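Next up, entry_38.txt (compact mmCIF, C-alpha atoms):
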# COMPACT_ATOMS: atom_id res chain seq x y z
CA MET A 105 -17.52 28.37 26.92
CA GLN A 106 -17.00 29.12 30.54
CA THR A 107 -14.17 31.38 31.61
CA ILE A 108 -12.59 31.62 35.02
CA SER A 109 -13.82 34.68 36.85
CA ASN A 110 -11.37 37.34 37.95
CA GLN A 111 -12.00 36.46 41.54
CA LYS A 112 -10.45 33.05 41.08
CA ILE A 113 -7.37 33.96 39.13
CA LYS A 114 -5.49 35.03 42.21
CA ASP A 115 -6.02 31.54 43.60
CA LEU A 116 -4.78 29.69 40.55
CA PRO A 117 -2.22 27.06 41.36
CA LEU A 118 0.93 26.92 39.32
CA ASN A 119 -0.39 24.23 37.05
CA ARG A 120 -2.82 25.85 34.72
CA THR A 121 -4.19 22.71 33.09
CA THR A 122 -5.07 21.17 36.44
CA ALA A 123 -6.87 24.32 37.44
CA LEU A 124 -8.81 24.39 34.20
CA ILE A 125 -9.86 20.78 34.62
CA LYS A 126 -10.99 21.47 38.16
CA HIS A 127 -13.13 24.26 36.84
CA ASN A 128 -14.57 22.04 34.15
CA ASP A 129 -13.23 24.26 31.40
CA ALA A 130 -14.99 22.89 28.32
CA THR A 131 -12.24 23.73 25.86
CA THR A 132 -9.56 22.08 27.95
CA LEU A 133 -11.64 18.98 28.54
CA LYS A 134 -12.59 18.65 24.91
CA GLU A 135 -9.04 19.03 23.68
CA LEU A 136 -7.81 16.52 26.23
CA TYR A 137 -10.50 14.10 25.14
CA LYS A 138 -9.86 14.46 21.43
CA THR A 139 -6.10 14.23 21.74
CA ASN A 140 -5.94 11.03 23.73
CA PHE A 141 -8.50 8.74 22.15
CA ALA A 142 -6.40 7.48 19.26
CA LYS A 143 -3.77 5.88 21.48
CA VAL A 144 -6.36 4.11 23.62
CA LYS A 145 -8.21 2.93 20.53
CA ARG A 146 -5.02 1.44 19.09
CA TYR A 147 -4.34 -0.33 22.37
CA VAL A 148 -7.80 -1.82 22.69
CA LEU A 149 -7.93 -2.92 19.06
CA LYS A 150 -4.56 -4.58 19.43
CA ASN A 151 -5.84 -6.41 22.49
CA ASN A 152 -8.94 -8.11 21.13
CA GLY A 153 -11.31 -5.18 21.45
CA ASP A 154 -13.41 -3.29 18.96
CA GLU A 155 -13.96 0.42 18.47
CA GLN A 156 -17.09 0.59 20.59
CA GLN A 157 -15.34 -1.04 23.50
CA ALA A 158 -12.43 1.36 23.06
CA LYS A 159 -14.85 4.27 23.26
CA ASP A 160 -16.56 2.91 26.38
CA VAL A 161 -13.38 2.19 28.28
CA TYR A 162 -11.92 5.53 27.23
CA GLN A 163 -14.91 7.48 28.48
CA GLU A 164 -14.85 5.68 31.81
CA ALA A 165 -11.16 6.39 32.13
CA PHE A 166 -11.70 10.01 31.24
CA VAL A 167 -14.26 10.48 34.01
CA ALA A 168 -11.98 8.66 36.46
CA MET A 169 -9.08 10.92 35.58
CA TRP A 170 -11.25 13.99 36.00
CA ARG A 171 -12.50 12.77 39.38
CA ASN A 172 -9.01 12.15 40.66
CA ILE A 173 -7.82 15.54 39.60
CA LYS A 174 -10.82 17.12 41.28
CA ASP A 175 -10.09 15.26 44.48
CA ASP A 176 -6.43 16.17 44.32
CA LYS A 177 -5.56 12.52 44.12
CA PHE A 178 -3.48 13.19 41.06
CA SER A 179 -1.46 16.30 40.63
CA ALA A 180 -0.45 16.87 37.06
CA GLU A 181 2.95 18.35 36.45
CA SER A 182 2.16 18.94 32.83
CA GLU A 183 -0.28 18.11 30.09
CA THR A 184 1.97 15.26 29.01
CA ALA A 185 1.65 13.81 32.50
CA ILE A 186 -2.13 14.01 32.30
CA ASN A 187 -2.12 12.32 28.89
CA GLY A 188 -0.01 9.51 30.28
CA TYR A 189 -2.19 9.18 33.34
CA LEU A 190 -5.34 8.97 31.25
CA PHE A 191 -3.84 6.28 29.07
CA GLN A 192 -2.75 4.28 32.10
CA ILE A 193 -6.24 4.29 33.53
CA ALA A 194 -7.77 3.22 30.22
CA LYS A 195 -5.18 0.51 29.78
CA TYR A 196 -5.79 -1.02 33.21
CA LYS A 197 -9.52 -0.83 32.79
CA TRP A 198 -9.23 -2.74 29.55
CA LEU A 199 -6.88 -5.33 30.99
CA ASP A 200 -9.30 -5.89 33.84
CA HIS A 201 -12.10 -6.39 31.36
CA VAL A 202 -10.10 -8.87 29.32
CA ARG A 203 -9.10 -10.81 32.42
CA SER A 204 -12.62 -10.91 33.76
CA VAL A 205 -13.96 -12.15 30.44
CA LYS A 206 -11.30 -14.81 30.43
CA TYR A 207 -12.52 -16.12 33.73
CA LYS A 208 -16.11 -15.99 32.47
CA ASN A 209 -16.89 -13.28 34.94
CA THR A 210 -18.79 -10.55 33.19
CA THR A 211 -18.85 -8.04 35.99
CA PHE A 212 -16.67 -5.09 35.23
CA ILE A 213 -14.22 -4.47 38.01
CA ASN A 214 -13.98 -0.86 38.95
CA ARG A 215 -10.31 -0.05 39.20
CA ASP A 216 -10.58 3.61 40.07
CA ILE A 217 -9.36 2.78 43.53
CA GLU A 218 -6.01 1.70 42.15
CA TYR A 219 -5.15 5.28 41.49
CA ASP A 220 -6.57 6.61 44.74
CA GLU A 221 -5.85 5.55 48.25
CA THR A 222 -7.67 2.42 49.28
CA ASP A 223 -11.36 3.09 49.54
CA THR A 224 -12.55 3.73 53.05
CA ASP A 225 -16.10 3.10 54.15
CA GLU A 226 -16.72 6.79 54.02
CA ASN A 227 -15.56 7.04 50.43
CA GLU A 228 -17.73 4.06 49.54
CA LEU A 229 -20.72 5.83 50.99
CA GLN A 230 -19.85 9.06 49.24
CA ASN A 231 -19.49 7.31 45.91
CA ARG A 232 -22.82 5.63 46.26
CA LYS A 233 -24.50 8.91 47.01
CA ILE A 234 -22.90 10.56 44.02
CA LYS A 235 -24.06 7.73 41.81
CA LEU A 236 -27.57 8.10 43.10
CA ILE A 237 -27.58 11.82 42.34
CA MET A 238 -26.30 11.15 38.84
CA GLU A 239 -29.05 8.68 38.16
CA THR A 240 -31.69 11.02 39.54
CA ILE A 241 -30.58 14.03 37.50
CA ASN A 242 -31.66 12.27 34.35
CA GLN A 243 -35.15 12.11 35.76
CA LEU A 244 -35.40 15.85 36.20
CA GLY A 245 -37.04 18.09 33.64
CA GLU A 246 -34.91 19.48 30.85
CA ARG A 247 -34.91 22.99 32.19
CA CYS A 248 -33.79 21.84 35.61
CA GLN A 249 -31.02 19.81 34.11
CA LEU A 250 -29.91 22.79 32.09
CA LEU A 251 -29.97 25.14 35.07
CA LEU A 252 -27.97 22.80 37.24
CA LYS A 253 -25.50 22.17 34.44
CA LEU A 254 -24.98 25.87 33.74
CA PHE A 255 -24.49 26.71 37.39
CA TYR A 256 -22.48 23.78 38.72
CA PHE A 257 -20.64 22.43 35.73
CA GLU A 258 -20.11 25.50 33.61
CA ARG A 259 -19.88 27.73 36.67
CA LYS A 260 -21.78 30.54 35.06
CA SER A 261 -23.08 33.46 37.08
CA PHE A 262 -26.82 33.97 37.48
CA LYS A 263 -26.52 36.97 35.24
CA GLU A 264 -25.13 34.84 32.42
CA ILE A 265 -27.62 32.07 33.07
CA ALA A 266 -30.50 34.52 32.92
CA GLU A 267 -29.36 35.59 29.47
CA ILE A 268 -29.09 32.03 28.23
CA ILE A 269 -32.49 30.81 29.34
CA VAL A 270 -34.20 34.16 28.81
CA MET A 271 -35.31 34.92 32.36
CA ASP A 272 -34.55 37.68 34.79
CA GLU A 273 -31.77 37.00 37.22
CA ALA A 274 -33.90 36.62 40.30
CA SER A 275 -36.19 34.12 38.60
CA ALA A 276 -33.19 32.14 37.41
CA ARG A 277 -31.82 32.06 40.92
CA ASN A 278 -35.09 30.85 42.40
CA ALA A 279 -35.66 28.32 39.67
CA LYS A 280 -32.27 26.80 40.21
CA TYR A 281 -32.88 26.52 43.94
CA ARG A 282 -36.15 24.74 43.36
CA CYS A 283 -34.52 22.30 40.96
CA GLN A 284 -31.82 21.56 43.48
CA GLU A 285 -34.33 20.93 46.22
CA GLN A 286 -36.31 18.68 43.97
CA LEU A 287 -33.21 16.70 43.23
CA LYS A 288 -32.39 16.32 46.91
CA LYS A 289 -35.89 15.31 47.72
CA MET A 290 -35.85 12.67 45.03
CA THR A 291 -32.67 11.20 46.38
CA GLN A 292 -33.90 11.67 49.92
CA ILE A 293 -30.59 12.78 51.26
CA ILE A 294 -30.93 13.63 54.90
CA PRO A 295 -28.68 16.41 56.21
CA ASN A 296 -26.79 14.15 58.57
CA GLY A 297 -25.21 12.44 55.60
CA PHE A 298 -27.01 9.11 55.51
CA LYS A 299 -29.43 7.98 52.88
CA MET B 43 -28.14 32.02 58.90
CA ASP B 44 -29.50 33.61 61.99
CA LEU B 45 -27.30 34.61 64.87
CA ASN B 46 -29.00 32.28 67.34
CA ASN B 47 -26.80 29.44 66.26
CA ASN B 48 -29.69 28.04 64.30
CA ILE B 49 -28.73 27.05 60.85
CA GLN B 50 -31.64 27.50 58.54
CA ASN B 51 -31.72 25.19 55.62
CA ASN B 52 -33.05 27.77 53.22
CA GLN B 53 -32.18 29.31 49.91
CA GLU B 54 -29.94 31.93 51.46
CA THR B 55 -27.90 29.34 53.30
CA GLN B 56 -27.73 27.15 50.27
CA GLU B 57 -26.43 29.97 48.15
CA LEU B 58 -23.79 30.76 50.70
CA ILE B 59 -22.75 27.14 50.78
CA ASP B 60 -22.62 27.12 46.98
CA ALA B 61 -20.46 30.18 46.96
CA TYR B 62 -18.12 28.58 49.45
CA LEU B 63 -17.86 25.33 47.52
CA LEU B 64 -17.51 27.02 44.15
CA ASP B 65 -14.96 29.34 45.69
CA THR B 66 -16.56 32.62 44.79
CA LEU B 67 -16.49 34.09 48.27
CA ASP B 68 -14.31 37.02 49.15
CA ALA B 69 -11.48 36.13 51.47
CA ASP B 70 -12.99 37.61 54.63
CA VAL B 71 -16.44 36.09 54.07
CA LYS B 72 -14.77 32.78 53.36
CA ALA B 73 -12.78 32.92 56.59
CA ASP B 74 -15.91 33.73 58.51
CA PHE B 75 -17.76 30.85 56.92
CA LYS B 76 -14.99 28.45 57.81
CA GLU B 77 -15.23 29.52 61.40
CA ARG B 78 -18.94 28.86 61.43
CA MET B 79 -18.36 25.43 59.95
CA LYS B 80 -16.05 24.61 62.83
CA LEU B 81 -18.70 25.69 65.27
CA PHE B 82 -21.80 24.22 63.73
CA PRO B 83 -21.97 20.55 62.81
CA ASP B 84 -25.32 21.11 61.13
CA LEU B 85 -23.64 23.51 58.78
CA ARG B 86 -20.88 21.06 58.13
CA ALA B 87 -23.45 18.42 57.28
CA LEU B 88 -25.20 20.72 54.87
CA VAL B 89 -21.92 21.53 53.22
CA GLU B 90 -21.07 17.85 52.86
CA GLU B 91 -24.45 17.14 51.35
CA GLN B 92 -24.11 19.95 48.89
CA LYS B 93 -20.66 18.72 47.93
CA THR B 94 -22.20 15.44 46.90
CA VAL B 95 -24.94 17.15 44.93
CA ILE B 96 -22.49 19.36 43.09
CA ARG B 97 -20.19 16.48 42.35
CA GLY B 98 -23.11 14.42 41.06
CA VAL B 99 -24.27 17.20 38.77
CA GLU B 100 -20.77 17.80 37.45
CA GLU B 101 -20.02 14.19 36.79
CA GLN B 102 -23.30 13.53 35.07
CA THR B 103 -22.86 16.61 32.90
CA LEU B 104 -19.35 15.53 32.01
CA LYS B 105 -20.54 12.07 31.07
CA ASN B 106 -23.23 13.54 28.88
CA SER B 107 -20.69 15.74 27.11
CA LEU B 108 -18.33 12.96 26.15
CA ASP B 109 -20.35 11.69 23.22
CA ASP B 110 -20.38 15.18 21.77
CA PHE B 111 -16.61 15.41 22.20
CA HIS B 112 -16.30 12.05 20.51
CA LYS B 113 -18.21 13.18 17.46
CA GLU B 114 -15.56 15.79 16.86
CA ILE B 115 -12.74 13.30 16.62
CA ILE B 116 -11.58 13.18 13.06
CA ASP B 117 -10.31 9.79 12.12
CA ILE B 118 -7.15 10.54 10.24
CA PRO B 119 -6.18 7.52 8.23
CA GLU B 120 -2.66 6.82 9.31
CA LYS B 121 -1.15 6.05 5.98
CA LYS B 122 -3.42 7.29 3.29
CA TRP B 123 -1.45 5.82 0.45
CA LEU B 124 -1.85 2.37 1.88
CA SER B 125 -5.65 2.60 1.77
CA PRO B 126 -7.50 -0.45 0.39
CA GLY B 127 -8.41 1.28 -2.86
CA TRP B 128 -4.88 2.11 -3.80
CA MET B 129 -3.61 -1.27 -2.65
CA ALA B 130 -6.10 -3.05 -4.89
CA LEU B 131 -5.12 -0.90 -7.84
CA ALA B 132 -1.41 -1.43 -7.30
CA ALA B 133 -1.91 -5.15 -6.80
CA SER B 134 -3.93 -5.62 -9.97
CA PHE B 135 -1.40 -3.60 -11.90
CA LEU B 136 1.44 -5.77 -10.62
CA ILE B 137 -0.52 -8.91 -11.44
CA LEU B 138 -1.15 -7.64 -14.93
CA ILE B 139 2.52 -6.96 -15.49
CA SER B 140 3.67 -10.29 -14.09
CA VAL B 141 1.11 -12.27 -16.07
CA SER B 142 2.06 -10.54 -19.30
CA THR B 143 5.74 -11.00 -18.63
CA TRP B 144 5.18 -14.65 -17.82
CA ALA B 145 3.09 -15.10 -20.95
CA ILE B 146 5.77 -13.55 -23.10
CA LEU B 147 8.50 -15.59 -21.49
CA ILE B 148 6.49 -18.78 -21.68
CA SER B 149 5.72 -18.45 -25.36
CA GLY B 150 9.27 -17.41 -26.03
CA ASN B 151 10.48 -20.32 -23.99
CA SER B 152 8.40 -22.87 -25.82
CA SER B 153 9.65 -21.66 -29.18
CA GLN B 154 13.17 -21.66 -27.82
CA LYS B 155 12.66 -25.20 -26.58
CA VAL B 156 11.43 -26.44 -29.90
CA PHE B 157 14.30 -24.65 -31.58
CA SER B 158 16.99 -26.12 -29.35
CA THR B 159 15.64 -29.66 -29.50
CA ASN B 160 15.41 -29.55 -33.26
CA PHE B 161 18.32 -27.47 -34.39
CA LYS B 162 21.33 -29.43 -35.52
CA PRO B 163 23.73 -27.69 -37.84
CA ASP B 164 23.98 -29.22 -41.22
CA PRO B 165 26.92 -31.63 -41.09
CA GLY B 166 28.48 -29.84 -44.00
CA LEU B 167 30.23 -31.02 -47.11
CA PRO B 168 33.34 -33.19 -47.35
CA THR B 169 36.38 -31.02 -47.17
CA THR B 170 38.52 -32.36 -49.88
CA MET B 171 40.39 -29.43 -51.20
CA SER B 172 40.69 -30.71 -54.66
CA THR B 173 40.71 -27.54 -56.66
CA SER B 174 42.10 -24.15 -55.69
CA LEU B 175 38.92 -22.51 -56.98
CA ASN B 176 36.99 -23.77 -54.01
CA TYR B 177 39.86 -23.30 -51.60
CA ASP B 178 38.21 -20.54 -49.62
CA PHE B 179 34.94 -22.41 -49.49
CA TYR B 180 36.46 -25.57 -48.14
CA TYR B 181 38.71 -23.70 -45.74
CA GLY B 182 35.50 -22.12 -44.43
CA MET B 183 33.93 -25.56 -44.25
CA VAL B 184 36.81 -26.75 -42.06
CA ASN B 185 36.15 -23.79 -39.73
CA TYR B 186 32.45 -24.57 -39.82
CA LYS B 187 32.94 -28.21 -38.83
CA ARG B 188 35.15 -27.08 -35.99
CA LYS B 189 32.32 -24.80 -34.91
CA GLU B 190 34.52 -21.82 -35.71
CA TYR B 191 31.47 -20.09 -37.12
CA ASP B 192 32.82 -16.55 -37.16
CA GLU B 193 35.77 -17.54 -39.28
CA ALA B 194 33.62 -19.67 -41.59
CA ILE B 195 31.21 -16.83 -42.03
CA SER B 196 33.87 -14.24 -42.84
CA ARG B 197 35.47 -16.53 -45.43
CA TRP B 198 32.16 -17.33 -47.07
CA GLU B 199 31.05 -13.74 -47.08
CA THR B 200 33.91 -12.86 -49.40
CA LEU B 201 32.77 -15.62 -51.70
CA TYR B 202 29.15 -14.46 -51.43
CA ALA B 203 30.12 -10.94 -52.39
CA ALA B 204 31.81 -12.25 -55.52
CA ASN B 205 29.10 -14.77 -56.31
CA PRO B 206 25.74 -14.11 -54.66
CA GLU B 207 23.96 -16.63 -56.84
CA ASN B 208 25.87 -19.58 -55.48
CA ASP B 209 23.21 -21.47 -53.56
CA THR B 210 25.76 -23.59 -51.69
CA VAL B 211 27.47 -20.56 -50.21
CA VAL B 212 24.16 -18.89 -49.47
CA TYR B 213 22.82 -21.99 -47.76
CA PHE B 214 25.81 -22.54 -45.58
CA LEU B 215 26.06 -18.91 -44.68
CA GLY B 216 22.48 -19.16 -43.46
CA VAL B 217 23.09 -22.28 -41.38
CA ALA B 218 26.39 -21.01 -40.00
CA ASN B 219 24.79 -17.80 -38.85
CA LEU B 220 21.97 -19.68 -37.22
CA ALA B 221 24.45 -21.97 -35.48
CA ASN B 222 26.27 -18.84 -34.37
CA GLY B 223 23.09 -17.53 -32.74
CA ASN B 224 22.39 -14.90 -35.34
CA ALA B 225 18.90 -15.73 -36.51
CA ARG B 226 18.46 -12.45 -38.32
CA GLN B 227 21.45 -12.88 -40.55
CA ALA B 228 20.53 -16.51 -41.08
CA LYS B 229 17.08 -15.51 -42.27
CA LYS B 230 18.54 -13.06 -44.73
CA TYR B 231 20.48 -15.80 -46.47
CA LEU B 232 17.98 -18.60 -46.12
CA GLN B 233 15.12 -16.53 -47.49
CA SER B 234 16.93 -16.02 -50.79
CA ALA B 235 16.98 -19.82 -51.13
CA LYS B 236 13.20 -19.64 -51.61
CA GLU B 237 13.84 -18.28 -55.07
CA LYS B 238 15.42 -21.56 -56.12
CA PRO B 239 13.04 -24.46 -55.59
CA GLN B 240 15.13 -26.62 -57.88
CA SER B 241 18.22 -26.35 -55.70
CA VAL B 242 19.29 -29.41 -53.69
CA PHE B 243 19.35 -27.15 -50.71
CA TYR B 244 15.77 -25.93 -51.11
CA GLU B 245 14.08 -28.26 -48.61
CA ASP B 246 16.79 -27.89 -46.01
CA ALA B 247 16.87 -24.14 -46.46
CA GLN B 248 13.15 -24.00 -45.68
CA TYR B 249 13.70 -26.15 -42.65
CA TYR B 250 16.44 -23.97 -41.26
CA LEU B 251 14.53 -20.86 -42.15
CA ALA B 252 11.63 -22.14 -40.11
CA LEU B 253 13.97 -22.79 -37.22
CA ALA B 254 15.42 -19.31 -37.51
CA LEU B 255 11.93 -17.83 -37.40
CA LEU B 256 11.10 -20.02 -34.45
CA LYS B 257 14.14 -18.73 -32.60
CA GLU B 258 12.73 -15.24 -33.10
CA ASN B 259 9.41 -16.51 -31.79
CA LYS B 260 7.75 -15.88 -35.15
CA ILE B 261 5.62 -19.00 -34.94
CA GLU B 262 3.18 -18.22 -37.72
CA GLU B 263 5.91 -17.38 -40.22
CA ALA B 264 7.77 -20.53 -39.24
CA LYS B 265 4.64 -22.54 -39.99
CA GLN B 266 4.35 -20.91 -43.37
CA ALA B 267 7.97 -21.67 -44.26
CA LEU B 268 7.42 -25.31 -43.33
CA ALA B 269 4.23 -25.58 -45.35
CA GLN B 270 6.39 -25.30 -48.47
CA SER B 271 8.58 -28.18 -47.43
CA THR B 272 7.88 -31.90 -47.77
CA SER B 273 10.90 -33.34 -45.99
CA SER B 274 10.23 -35.61 -43.05
CA ALA B 275 12.16 -33.35 -40.75
CA SER B 276 9.97 -30.44 -41.76
CA ILE B 277 6.79 -32.43 -41.16
CA VAL B 278 7.97 -33.40 -37.66
CA LEU B 279 8.91 -29.82 -36.89
CA LEU B 280 5.61 -28.52 -38.19
CA LYS B 281 3.79 -30.90 -35.89
CA GLU B 282 5.73 -29.63 -32.92
CA ILE B 283 5.19 -26.00 -33.83
CA LYS B 284 1.47 -26.52 -34.26
CA SER B 285 1.18 -27.53 -30.60
CA LEU B 286 2.65 -24.20 -29.44
As structure tokens, what does this structure read like?
Amino acid sequence: MQTISNQKIKDLPLNRTTALIKHNDATTLKELYKTNFAKVKRYVLKNNGDEQQAKDVYQEAFVAMWRNIKDDKFSAESETAINGYLFQIAKYKWLDHVRSVKYKNTTFINRDIEYDETDTDENELQNRKIKLIMETINQLGERCQLLLKLFYFERKSFKEIAEIIVMDEASARNAKYRCQEQLKKMTQIIPNGFK
Amino acid sequence: MDLNNNIQNNQETQELIDAYLLDTLDADVKADFKERMKLFPDLRALVEEQKTVIRGVEEQTLKNSLDDFHKEIIDIPEKKWLSPGWMALAASFLILISVSTWAILISGNSSQKVFSTNFKPDPGLPTTMSTSLNYDFYYGMVNYKRKEYDEAISRWETLYAANPENDTVVYFLGVANLANGNARQAKKYLQSAKEKPQSVFYEDAQYYLALALLKENKIEEAKQALAQSTSSASIVLLKEIKSL
């Protein structure tokens, strides 16, 4: 479990839950996930879906919610507000799916943009790049994936990482850099921002 | 980053960028970095690129974690007592009860039906009050014919107490009680008529006894009582009882 370092506490905004989500706090995310599934499941089952579909739409909604909080596109007043927001996203995603099936169109309409501002070309580009990175990560070796996860998602220090993967700190640092470079090379992202 | 305005894309730079994006820089270093970003588009580009990388890593990690979160969801059955197992048990129990009740009612009803279709009170004896000796008996008979069964019964009971061997009184007490709805009392009187096969009332007593037993849904005993009798009415009744 990752904890917020002392250095960051002074910068914490008033809303603690939002801050925790932004820092990918595992406990917060897990609790949020576990608490809100039941309601979405009930909704999907009531509306011609099955449990697997409920799980899929819920997970997509969860990631969308997380993204919007990260991008400051949704500011949560409270945990109740976040719960409601998450449900809304899941609900609309499901409705879109049902409607698209009705019209024999099987493509799943991405409705994330409903909760953001309208997507600009820049955002489109950004999203595509992010997607590419996500796909490429899965092609990296296990150790690289772990290093990147520990550093960027769990926000652990190199000291902590070194303990986890049983390396000295300097080696951990170098290894992580190499993994990152490999990732960038594989996605061929050129510094000026274009693929 | 060297001071000749040449941004080196190396590990040191990357780590600085990371620190900036992950917000682990001290305030003064952070301010300085922001200034450099304003001045150097190359740096800005690197920062943007790294933003994408970090976001990609985070999102993919999150996605991968969700299945693990999901495994921890405990499916609490909303209303445990309504679970299929209990429902089935309760349902079969209810069915059992209703079927048994229905069966009891049905058999009772059929006996009741046979009883009501067949029971007609004995028309009684002519009520000529010729001698004072039989005054009470005939007064009772008048009550009886008027369907004043309670009065008839109370009058005849006095006579019965004085003369329990009188088969006429016994017989009519039996029939009156049966007509009055009291099968138990009727049986008591009618059964003693069995002891006197020579009596004129013997056959009829068996007949009414059978009816009384039928009213109490004692079908087998009713059959037995009728087996003793040879009257046509008894044969008809026996036939009907046998089909129950």
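Atom CA of Tyr196 of chain A to atom CA of Val161 of chain A spans 9.6 Å [interatomic distance, one decimal].
The residue that comes closest to chain B, out of A:Gln230, A:Gln243, A:Asn152, A:Ser182 and on the basis of only C-alpha atoms, is A:Gln230.
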Give me the residues near segment 133-136 of chain A as a ChimeraX atom specification, where near means some atom within 10 Å (using all atoms listed in the file) and where sequence neighbours in that chain fewer than 3 positions away do not count.
/A:121,124-130,139-141,166,170,183,186-187,190 /B:104,107-108,110-112,114-115
Keeping C-alpha atoms for every residue in the selection just given, could you write it to a file as a PDB file, keeping the file's coordinate frame?
ATOM      1  CA  THR A 121      -4.190  22.710  33.090  1.00  0.00           C
ATOM      2  CA  LEU A 124      -8.810  24.390  34.200  1.00  0.00           C
ATOM      3  CA  ILE A 125      -9.860  20.780  34.620  1.00  0.00           C
ATOM      4  CA  LYS A 126     -10.990  21.470  38.160  1.00  0.00           C
ATOM      5  CA  HIS A 127     -13.130  24.260  36.840  1.00  0.00           C
ATOM      6  CA  ASN A 128     -14.570  22.040  34.150  1.00  0.00           C
ATOM      7  CA  ASP A 129     -13.230  24.260  31.400  1.00  0.00           C
ATOM      8  CA  ALA A 130     -14.990  22.890  28.320  1.00  0.00           C
ATOM      9  CA  THR A 139      -6.100  14.230  21.740  1.00  0.00           C
ATOM     10  CA  ASN A 140      -5.940  11.030  23.730  1.00  0.00           C
ATOM     11  CA  PHE A 141      -8.500   8.740  22.150  1.00  0.00           C
ATOM     12  CA  PHE A 166     -11.700  10.010  31.240  1.00  0.00           C
ATOM     13  CA  TRP A 170     -11.250  13.990  36.000  1.00  0.00           C
ATOM     14  CA  GLU A 183      -0.280  18.110  30.090  1.00  0.00           C
ATOM     15  CA  ILE A 186      -2.130  14.010  32.300  1.00  0.00           C
ATOM     16  CA  ASN A 187      -2.120  12.320  28.890  1.00  0.00           C
ATOM     17  CA  LEU A 190      -5.340   8.970  31.250  1.00  0.00           C
TER      18      LEU A 190
ATOM     19  CA  LEU B 104     -19.350  15.530  32.010  1.00  0.00           C
ATOM     20  CA  SER B 107     -20.690  15.740  27.110  1.00  0.00           C
ATOM     21  CA  LEU B 108     -18.330  12.960  26.150  1.00  0.00           C
ATOM     22  CA  ASP B 110     -20.380  15.180  21.770  1.00  0.00           C
ATOM     23  CA  PHE B 111     -16.610  15.410  22.200  1.00  0.00           C
ATOM     24  CA  HIS B 112     -16.300  12.050  20.510  1.00  0.00           C
ATOM     25  CA  GLU B 114     -15.560  15.790  16.860  1.00  0.00           C
ATOM     26  CA  ILE B 115     -12.740  13.300  16.620  1.00  0.00           C
TER      27      ILE B 115
END
Need to verify the contact set: segment 198-211 of chain B, 7 Å, only C-alpha atoms, exclusion of same-chain residues closer than 3 positions in sequence. Can you return it as a compact mmCIF listing (two decimals) with C-alpha atoms, in the coordinates of the input?
# COMPACT_ATOMS: atom_id res chain seq x y z
CA PHE B 179 34.94 -22.41 -49.49
CA GLY B 182 35.50 -22.12 -44.43
CA ALA B 194 33.62 -19.67 -41.59
CA ILE B 195 31.21 -16.83 -42.03
CA PHE B 214 25.81 -22.54 -45.58
CA LEU B 215 26.06 -18.91 -44.68
CA ALA B 235 16.98 -19.82 -51.13
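The environment of Gly223 of chain B within 12 Å, counting only C-alpha atoms and disregarding residues fewer than 6 places along the same chain, consists of Gln154, Phe157, Ser158, Phe161, Pro163, Lys189, Tyr191, Asp192, Gly216, Val217, Lys229, Leu253, Ala254, Lys257 and Glu258 of chain B.
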Distance cut-off 9 Å, counting all atoms listed in the file - which residues of chain A neighbour chain B? Return them as a ChimeraX atom specification.
/A:109,111-112,127-128,133-135,137-139,141-142,159,163-164,166-167,170-171,230-231,233-239,241-242,249,252-253,256-259,278,281-282,284,287-288,293-297
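From atom CA of Thr132 of chain A back to atom CA of Leu254 of chain A, the distance works out to 16.9 Å.
Contact shell of Pro168 of chain B at 12 Å (only C-alpha atoms; same-chain neighbours under 4 positions omitted): B:Asp164, B:Ser172, B:Phe179, B:Tyr180, B:Tyr181, B:Gly182, B:Met183, B:Val184, B:Tyr186, B:Lys187.
Take atom CA of Lys280 of chain A and atom CA of Ile268 of chain A: the distance between them is 13.5 Å.
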Within 10 Å of Asp246 of chain B, counting all atoms listed in the file, which residues qualify if same-chain residues fewer than 6 places away don't, as a PyMOL selection string?
chain B and resi 164+213+217+232+235+252+271-273+275-276
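Nearest residue to Glu282 of chain B among B:Ala264, B:Leu58, B:Val71, B:Leu81 is B:Ala264, counting only C-alpha atoms.
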